[in-house]
Amino acid sequence: MNCLNYTPKQIAEICSGELINNNNEKIKKVCIDSRKVEKGDLFVALVGENHDAHKFIPSVIQQGAAAIIVSSTEIETTGDTAVIKVADTLTALQKLANFRRNELKSFFIAVTGSNGKTTTRSMIAHILSGFDKCSTTSGNLNNHIGLPLTILGIDTESKYSVLEMGMNHFGEIRALCNIATPDAAVISNIGPAHIGILGSLENIAKAKSEILEQLKPNSPVVLPGDSEYIDLLKKVAEKTNYSTFGEKENNNYRITDLNMKSDSIDFKIVTPVGIKKVELNIVGHHNAFNATAALAICHKLGCDLDKSIERLKTFVPVGARMESVKKDGIEILLDCYNANPASMQEALRYLSICSGHKIAVLGDMRELGKMSDELHRKLGQQAAASGLDMLICVGEAVRNTVDSAIDNGMNPNSVVLFDSCEKASDLLKKQLNKGITVLFKASRGLHFEKIVYNLWPDLKMDLH
């Protein structure tokens with residue numbers, strides 16, 4: 001049962017705070033969104049660059065918050081709500097999460113990677129939930145705020161907890177591990193996501209390797225064996241019980257005979273317990289790697305590999321990540337949550353095997369720094385090689401993609417650049433007919449869900 005059951009006095013002690021008003025009410029749940037506060041909740045008033053949640057204190061009290069954590073007492077507080085004053089509310093949230101984590105008996109598995117970490121994490125949780133109770137990150141709560149909230153929401157009866165860890169700077173994963181103290185770890189891959197901030201692929205590998213630093217000796221670990229930085233990762237993981245996965249010959253879990261279809265994938269894995277056939281009702285070459293990483297860590301945790309493979313057959317993709325939807329006779333490929341060079345390449349690789357008329361709607365890839373122009377030009381080259389009938393680009397950096405696609409042989413009349421989602425929607429309304437496959441992919445900040453909802457207002461899907 002998911003129940004914190006802390007009193008305001010206990011919370012004040014855990015967070016090194018000053019208890020100004022005590023009501024001895026048992027706190028069941030933590031909330032940071034004033035709109036979602038329910039009676040009996042603990043509300044943490046976070047202060048960000050653009051907002052200060054302290055201004056919502058009167059409303060959360062009215063909604064029945066049992067306690068509030070604040071860094072300023074220059075606010076209007078009334079009634080019986082307990083007030084806990086701290087130096088920094090975010091630090092208090094993280095302290096509370098770490099305390100809770102140390103109380104839980106759950107086995108914590110941390111997952112990171114440049115691409116596919118959400119899908120890999122979800123696959124691991126899906127497999128483990130077939131063996132015992134498992135909690136996992138909700139949505140994209142994988143940062144310095146989301147991860148503590150995930151931990152504070154973990155079911156006390158969960159045998160396993162699978163946590164996703166995101167980053168775009170050095171030290172961020174280390175800080176998350178200080179809160180979560182994982183028992184096992186998975187790195188799905190090393191790619192150029194956030195390379196504009198970290199500067200190089202090697203630096204990205206170093207930042208990802210922070211997930212391995214605090215693991216106890218012999219902790220189960222799964223690493224991307226095909227990465228050019230595998231030796232760097234192995235060095236950090238040398239005291240752990242690590243295995244590698246990928247297509248190269250020396251991997252502990254080696255992918256072979258990969259067969260990609262328009263509605264599924266199948267492949268074989270050479271494992272320490274023999275060769276296994278895997279069939280997935282999801283699409284994309286990359287998902288064979290995500291699945292193999294998930295199967296490898298679950299096998300290392302003692303799960304029967306055959307049962308794990310069977311369990312994966314019922315896995316459904318995470319929303320807006322290479323999710324295929326049919327509407328009005330049109331195949332819609334929704335991958336508009338995020339984008340980086342590797343995930344763009346995989347999306348185009350899948351689109352290339354689809355039958356019929358193919359349209360790719362692509363937007364800017366962000367956080368690429370000095371390499372942005374080069375990587376967007378490479379994207380245009382890949383688009384031209386994908387057999388597209390039309391390429392629609394939205395944004396600024398994709399101007400390089402448009403030029404490169406034409407330079408590499410695409411008909412200039414079939415390549416279009418827009419500066420807004422609305423203009424792309426207007427063109428697509430004229431182009432989309434039965435039998436067409438259309439891919440939507442861009443960095444989150446482009447808000448490609450606007451295009452999708454403009455075209456199909458009744459599409460009941462979470463594209464965030």
# chains A, B, ... in the order shown; residues from 1 in each chain; ligands from 1
>>> select_by_dssp(residues="range 49-115 of chain A", states="alpha helix (DSSP H)", output="list in words")
Ile57, Pro58, Ser59, Val60, Ile61, Gln62, Thr89, Leu90, Thr91, Ala92, Leu93, Gln94, Lys95, Leu96, Ala97, Asn98, Phe99, Arg100, Arg101, Asn102 and Glu103 of chain A
>>> residues_around(residues="Pro457 in chain A", least_positions_apart="6", cutoff="12 Å", atoms="only C-alpha atoms", output="list in words")
Lys327, Ser425, Glu449, Lys450 and Ile451 of chain A
>>> write_last_selection(atoms="N, CA, C and O atoms", output="PDB file, in the first residue's frame")
ATOM      1  N   LYS A 327      -5.725   6.163 -38.641  1.00  0.00           N
ATOM      2  CA  LYS A 327      -6.841   7.100 -38.572  1.00  0.00           C
ATOM      3  C   LYS A 327      -7.233   7.490 -39.996  1.00  0.00           C
ATOM      4  O   LYS A 327      -6.392   7.957 -40.774  1.00  0.00           O
ATOM      5  N   SER A 425       0.419  22.229 -40.657  1.00  0.00           N
ATOM      6  CA  SER A 425      -0.909  21.598 -40.584  1.00  0.00           C
ATOM      7  C   SER A 425      -1.733  21.917 -41.819  1.00  0.00           C
ATOM      8  O   SER A 425      -2.404  21.041 -42.387  1.00  0.00           O
ATOM      9  N   GLU A 449       2.668  18.230 -31.168  1.00  0.00           N
ATOM     10  CA  GLU A 449       1.308  17.776 -30.861  1.00  0.00           C
ATOM     11  C   GLU A 449       0.263  18.749 -31.408  1.00  0.00           C
ATOM     12  O   GLU A 449      -0.876  18.366 -31.689  1.00  0.00           O
ATOM     13  N   LYS A 450       0.652  20.013 -31.607  1.00  0.00           N
ATOM     14  CA  LYS A 450      -0.268  20.989 -32.194  1.00  0.00           C
ATOM     15  C   LYS A 450      -0.661  20.588 -33.614  1.00  0.00           C
ATOM     16  O   LYS A 450      -1.823  20.737 -34.014  1.00  0.00           O
ATOM     17  N   ILE A 451       0.319  20.094 -34.369  1.00  0.00           N
ATOM     18  CA  ILE A 451       0.025  19.651 -35.735  1.00  0.00           C
ATOM     19  C   ILE A 451      -0.928  18.465 -35.702  1.00  0.00           C
ATOM     20  O   ILE A 451      -1.928  18.426 -36.427  1.00  0.00           O
TER      21      ILE A 451
END
>>> closest_atom_pairs(of="range 121-166 of chain A", to="range 3-27 of chain A", cutoff="12 Å", atoms="only C-alpha atoms", output="Markdown table")
| residue | atom | partner | partner_atom | distance |
| --- | --- | --- | --- | --- |
| A:Ile151 | CA | A:Leu4 | CA | 10.7 |
| A:Leu152 | CA | A:Leu4 | CA | 7.5 |
| A:Gly153 | CA | A:Cys3 | CA | 8.2 |
| A:Ile154 | CA | A:Cys3 | CA | 8.8 |
| A:Asp155 | CA | A:Cys3 | CA | 7.4 |
| A:Thr156 | CA | A:Cys3 | CA | 7.2 |
| A:Glu157 | CA | A:Cys3 | CA | 10.2 |
>>> write_last_selection(atoms="all heavy atoms", output="CSV table (one decimal), in the first residue's frame")
chain,number,residue,atom,x,y,z
A,151,ILE,N,10.0,8.5,-6.1
A,151,ILE,CA,10.3,7.7,-4.9
A,151,ILE,C,9.3,7.9,-3.8
A,151,ILE,O,8.9,6.9,-3.2
A,151,ILE,CB,11.7,8.2,-4.4
A,151,ILE,CG1,12.8,7.8,-5.4
A,151,ILE,CG2,12.0,7.5,-3.0
A,151,ILE,CD1,14.2,8.3,-5.1
A,152,LEU,N,8.8,9.1,-3.6
A,152,LEU,CA,7.8,9.3,-2.6
A,152,LEU,C,6.4,8.7,-3.0
A,152,LEU,O,5.6,8.6,-2.1
A,152,LEU,CB,7.6,10.8,-2.4
A,152,LEU,CG,8.8,11.5,-1.7
A,152,LEU,CD1,8.7,13.0,-1.8
A,152,LEU,CD2,8.9,11.1,-0.3
A,153,GLY,N,6.3,8.3,-4.2
A,153,GLY,CA,5.0,7.6,-4.6
A,153,GLY,C,5.1,6.1,-4.8
A,153,GLY,O,4.2,5.5,-5.2
A,154,ILE,N,6.3,5.6,-4.5
A,154,ILE,CA,6.5,4.1,-4.6
A,154,ILE,C,5.7,3.3,-3.6
A,154,ILE,O,5.6,3.7,-2.4
A,154,ILE,CB,8.0,3.8,-4.5
A,154,ILE,CG1,8.7,4.2,-5.8
A,154,ILE,CG2,8.2,2.3,-4.3
A,154,ILE,CD1,10.2,4.1,-5.7
A,155,ASP,N,5.0,2.3,-4.1
A,155,ASP,CA,4.2,1.4,-3.3
A,155,ASP,C,5.1,0.7,-2.3
A,155,ASP,O,6.2,0.2,-2.6
A,155,ASP,CB,3.5,0.4,-4.2
A,155,ASP,CG,2.4,-0.3,-3.4
A,155,ASP,OD1,2.6,-0.8,-2.3
A,155,ASP,OD2,1.3,-0.4,-4.0
A,156,THR,N,4.7,0.7,-1.0
A,156,THR,CA,5.6,0.1,0.0
A,156,THR,C,5.7,-1.4,-0.2
A,156,THR,O,6.6,-2.0,0.3
A,156,THR,CB,4.9,0.3,1.4
A,156,THR,OG1,3.6,-0.1,1.4
A,156,THR,CG2,5.0,1.8,1.8
A,157,GLU,N,4.8,-2.0,-1.0
A,157,GLU,CA,4.8,-3.5,-1.2
A,157,GLU,C,5.6,-3.9,-2.4
A,157,GLU,O,5.7,-5.0,-2.8
A,157,GLU,CB,3.4,-4.0,-1.2
A,157,GLU,CG,2.6,-3.8,0.0
A,157,GLU,CD,1.2,-4.3,-0.1
A,157,GLU,OE1,0.8,-4.7,-1.2
A,157,GLU,OE2,0.5,-4.2,0.9
>>> select_by_dssp(residues="range 195-267 of chain A", states="strand (DSSP E)", output="list in words")
Pro220, Val221, Val222, Leu223, Pro224, Asn241, Tyr242, Ser243, Thr244, Phe245, Gly246, Tyr253, Arg254, Ile255, Thr256, Asp257, Leu258, Asn259, Met260, Ile265, Asp266 and Phe267 of chain A
>>> residues_around(residues="range 33-42 of chain A", least_positions_apart="4", cutoff="8 Å", atoms="only C-alpha atoms", output="PyMOL selection string")
chain A and resi 25-29+53+56+59-60+63-69
>>> closest_residue(among="A:Ala184, A:Leu391, A:Leu198, A:Ile297", to="Val438 in chain A", atoms="only C-alpha atoms")
A:Leu391
>>> residues_around(residues="range 103-113 of chain A", least_positions_apart="6", cutoff="6 Å", atoms="only C-alpha atoms", output="PDB file with N, CA and C atoms, in the first residue's frame")
ATOM      1  N   SER A 158       6.143  -2.886  -3.148  1.00  0.00           N
ATOM      2  CA  SER A 158       6.857  -3.183  -4.392  1.00  0.00           C
ATOM      3  C   SER A 158       8.175  -3.901  -4.101  1.00  0.00           C
ATOM      4  N   LYS A 159       8.377  -5.016  -4.781  1.00  0.00           N
ATOM      5  CA  LYS A 159       9.658  -5.720  -4.679  1.00  0.00           C
ATOM      6  C   LYS A 159      10.711  -5.021  -5.518  1.00  0.00           C
ATOM      7  N   TYR A 160      10.274  -4.434  -6.648  1.00  0.00           N
ATOM      8  CA  TYR A 160      11.186  -3.741  -7.556  1.00  0.00           C
ATOM      9  C   TYR A 160      10.714  -2.311  -7.786  1.00  0.00           C
ATOM     10  N   SER A 161      11.687  -1.421  -7.973  1.00  0.00           N
ATOM     11  CA  SER A 161      11.387  -0.046  -8.384  1.00  0.00           C
ATOM     12  C   SER A 161      12.356   0.326  -9.496  1.00  0.00           C
ATOM     13  N   VAL A 162      11.807   0.717 -10.651  1.00  0.00           N
ATOM     14  CA  VAL A 162      12.621   1.033 -11.817  1.00  0.00           C
ATOM     15  C   VAL A 162      12.565   2.542 -12.050  1.00  0.00           C
ATOM     16  N   LEU A 163      13.714   3.197 -11.916  1.00  0.00           N
ATOM     17  CA  LEU A 163      13.779   4.651 -11.989  1.00  0.00           C
ATOM     18  C   LEU A 163      14.540   5.110 -13.221  1.00  0.00           C
ATOM     19  N   GLU A 164      13.985   6.073 -13.920  1.00  0.00           N
ATOM     20  CA  GLU A 164      14.649   6.666 -15.069  1.00  0.00           C
ATOM     21  C   GLU A 164      15.422   7.900 -14.622  1.00  0.00           C
ATOM     22  N   MET A 165      16.631   8.064 -15.158  1.00  0.00           N
ATOM     23  CA  MET A 165      17.462   9.211 -14.800  1.00  0.00           C
ATOM     24  C   MET A 165      17.898   9.950 -16.058  1.00  0.00           C
ATOM     25  N   PRO A 182      20.755   3.540  -6.122  1.00  0.00           N
ATOM     26  CA  PRO A 182      20.285   2.339  -6.829  1.00  0.00           C
ATOM     27  C   PRO A 182      21.059   1.079  -6.485  1.00  0.00           C
ATOM     28  N   ASP A 183      20.386  -0.052  -6.660  1.00  0.00           N
ATOM     29  CA  ASP A 183      20.991  -1.366  -6.435  1.00  0.00           C
ATOM     30  C   ASP A 183      21.495  -1.985  -7.731  1.00  0.00           C
ATOM     31  N   ALA A 184      21.038  -1.477  -8.862  1.00  0.00           N
ATOM     32  CA  ALA A 184      21.417  -1.993 -10.174  1.00  0.00           C
ATOM     33  C   ALA A 184      21.268  -0.856 -11.173  1.00  0.00           C
ATOM     34  N   ALA A 185      21.914  -1.010 -12.350  1.00  0.00           N
ATOM     35  CA  ALA A 185      21.866   0.074 -13.326  1.00  0.00           C
ATOM     36  C   ALA A 185      21.909  -0.452 -14.746  1.00  0.00           C
ATOM     37  N   VAL A 186      21.274   0.304 -15.643  1.00  0.00           N
ATOM     38  CA  VAL A 186      21.282   0.021 -17.079  1.00  0.00           C
ATOM     39  C   VAL A 186      21.607   1.314 -17.820  1.00  0.00           C
ATOM     40  N   ILE A 187      22.557   1.242 -18.760  1.00  0.00           N
ATOM     41  CA  ILE A 187      22.808   2.341 -19.690  1.00  0.00           C
ATOM     42  C   ILE A 187      22.388   1.831 -21.064  1.00  0.00           C
ATOM     43  N   SER A 188      21.371   2.451 -21.649  1.00  0.00           N
ATOM     44  CA  SER A 188      20.823   1.938 -22.905  1.00  0.00           C
ATOM     45  C   SER A 188      21.736   2.228 -24.087  1.00  0.00           C
ATOM     46  N   ASN A 189      22.358   3.407 -24.124  1.00  0.00           N
ATOM     47  CA  ASN A 189      23.279   3.756 -25.206  1.00  0.00           C
ATOM     48  C   ASN A 189      23.957   5.085 -24.918  1.00  0.00           C
TER      49      ASN A 189
END
>>> closest_residue(among="A:Val361, A:Val273, A:Ile84, A:Ile32", to="Gly48 in chain A", atoms="only C-alpha atoms")
A:Ile32
>>> closest_atom_pairs(of="range 178-291 of chain A", to="range 331-352 of chain A", cutoff="8 Å", atoms="only C-alpha atoms", output="JSON lines")
{"residue": "A:Gly191", "atom": "CA", "partner": "A:Ala342", "partner_atom": "CA", "distance": 6.5}
{"residue": "A:Pro192", "atom": "CA", "partner": "A:Pro341", "partner_atom": "CA", "distance": 6.6}
{"residue": "A:Ala193", "atom": "CA", "partner": "A:Asn340", "partner_atom": "CA", "distance": 5.4}
{"residue": "A:Met260", "atom": "CA", "partner": "A:Tyr350", "partner_atom": "CA", "distance": 8.0}
{"residue": "A:Ser262", "atom": "CA", "partner": "A:Tyr350", "partner_atom": "CA", "distance": 7.5}
{"residue": "A:Val283", "atom": "CA", "partner": "A:Tyr350", "partner_atom": "CA", "distance": 7.5}
{"residue": "A:Gly284", "atom": "CA", "partner": "A:Tyr350", "partner_atom": "CA", "distance": 5.5}
{"residue": "A:His285", "atom": "CA", "partner": "A:Glu346", "partner_atom": "CA", "distance": 6.8}
{"residue": "A:His286", "atom": "CA", "partner": "A:Glu346", "partner_atom": "CA", "distance": 6.5}
>>> residues_around(residues="range 211-223 of chain A", least_positions_apart="3", cutoff="10 Å", atoms="only C-alpha atoms", output="PyMOL selection string")
chain A and resi 109-113+165+171-178+181-190+206-208+226-227+230+233-246+251-253+292-301
>>> write_last_selection(atoms="C-alpha atoms", output="compact mmCIF listing (two decimals), in the first residue's frame")
# COMPACT_ATOMS: atom_id res chain seq x y z
CA ILE A 109 17.09 -0.29 -10.74
CA ALA A 110 18.32 2.94 -12.34
CA VAL A 111 18.11 3.45 -16.12
CA THR A 112 19.75 6.10 -18.27
CA GLY A 113 20.84 6.53 -21.88
CA MET A 165 17.46 9.21 -14.80
CA GLY A 171 26.89 15.86 -11.98
CA GLU A 172 23.15 15.55 -12.53
CA ILE A 173 23.00 11.75 -12.55
CA ARG A 174 25.40 11.64 -9.60
CA ALA A 175 22.99 13.87 -7.67
CA LEU A 176 20.05 11.65 -8.60
CA CYS A 177 21.98 8.59 -7.41
CA ASN A 178 22.67 10.35 -4.10
CA THR A 181 21.04 4.97 -4.13
CA PRO A 182 20.29 2.34 -6.83
CA ASP A 183 20.99 -1.37 -6.44
CA ALA A 184 21.42 -1.99 -10.17
CA ALA A 185 21.87 0.07 -13.33
CA VAL A 186 21.28 0.02 -17.08
CA ILE A 187 22.81 2.34 -19.69
CA SER A 188 20.82 1.94 -22.90
CA ASN A 189 23.28 3.76 -25.21
CA ILE A 190 25.64 6.70 -25.68
CA LYS A 206 31.42 10.14 -18.70
CA ALA A 207 28.23 11.87 -17.56
CA LYS A 208 26.17 8.72 -18.11
CA ASP A 226 28.58 -1.71 -29.22
CA SER A 227 29.45 1.78 -27.97
CA ILE A 230 32.39 0.71 -23.70
CA LEU A 233 32.02 2.41 -18.98
CA LYS A 234 33.58 -0.92 -18.04
CA LYS A 235 36.33 0.84 -16.10
CA VAL A 236 33.78 2.69 -13.94
CA ALA A 237 31.77 -0.53 -13.56
CA GLU A 238 34.76 -2.80 -12.88
CA LYS A 239 33.64 -3.80 -9.36
CA THR A 240 30.08 -4.54 -10.43
CA ASN A 241 28.62 -7.65 -12.03
CA TYR A 242 28.24 -6.14 -15.49
CA SER A 243 27.13 -7.63 -18.79
CA THR A 244 27.04 -6.07 -22.24
CA PHE A 245 24.43 -6.17 -24.99
CA GLY A 246 24.43 -5.34 -28.70
CA ASN A 251 28.52 -9.11 -26.14
CA ASN A 252 27.06 -11.22 -23.33
CA TYR A 253 23.59 -10.73 -24.81
CA THR A 292 17.62 -6.78 -25.12
CA ALA A 293 18.87 -4.39 -22.44
CA ALA A 294 15.62 -4.95 -20.49
CA LEU A 295 15.81 -8.73 -20.85
CA ALA A 296 19.48 -8.75 -19.83
CA ILE A 297 18.97 -6.87 -16.55
CA CYS A 298 15.90 -8.92 -15.64
CA HIS A 299 17.81 -12.13 -16.35
CA LYS A 300 20.67 -10.91 -14.15
CA LEU A 301 18.10 -10.28 -11.39
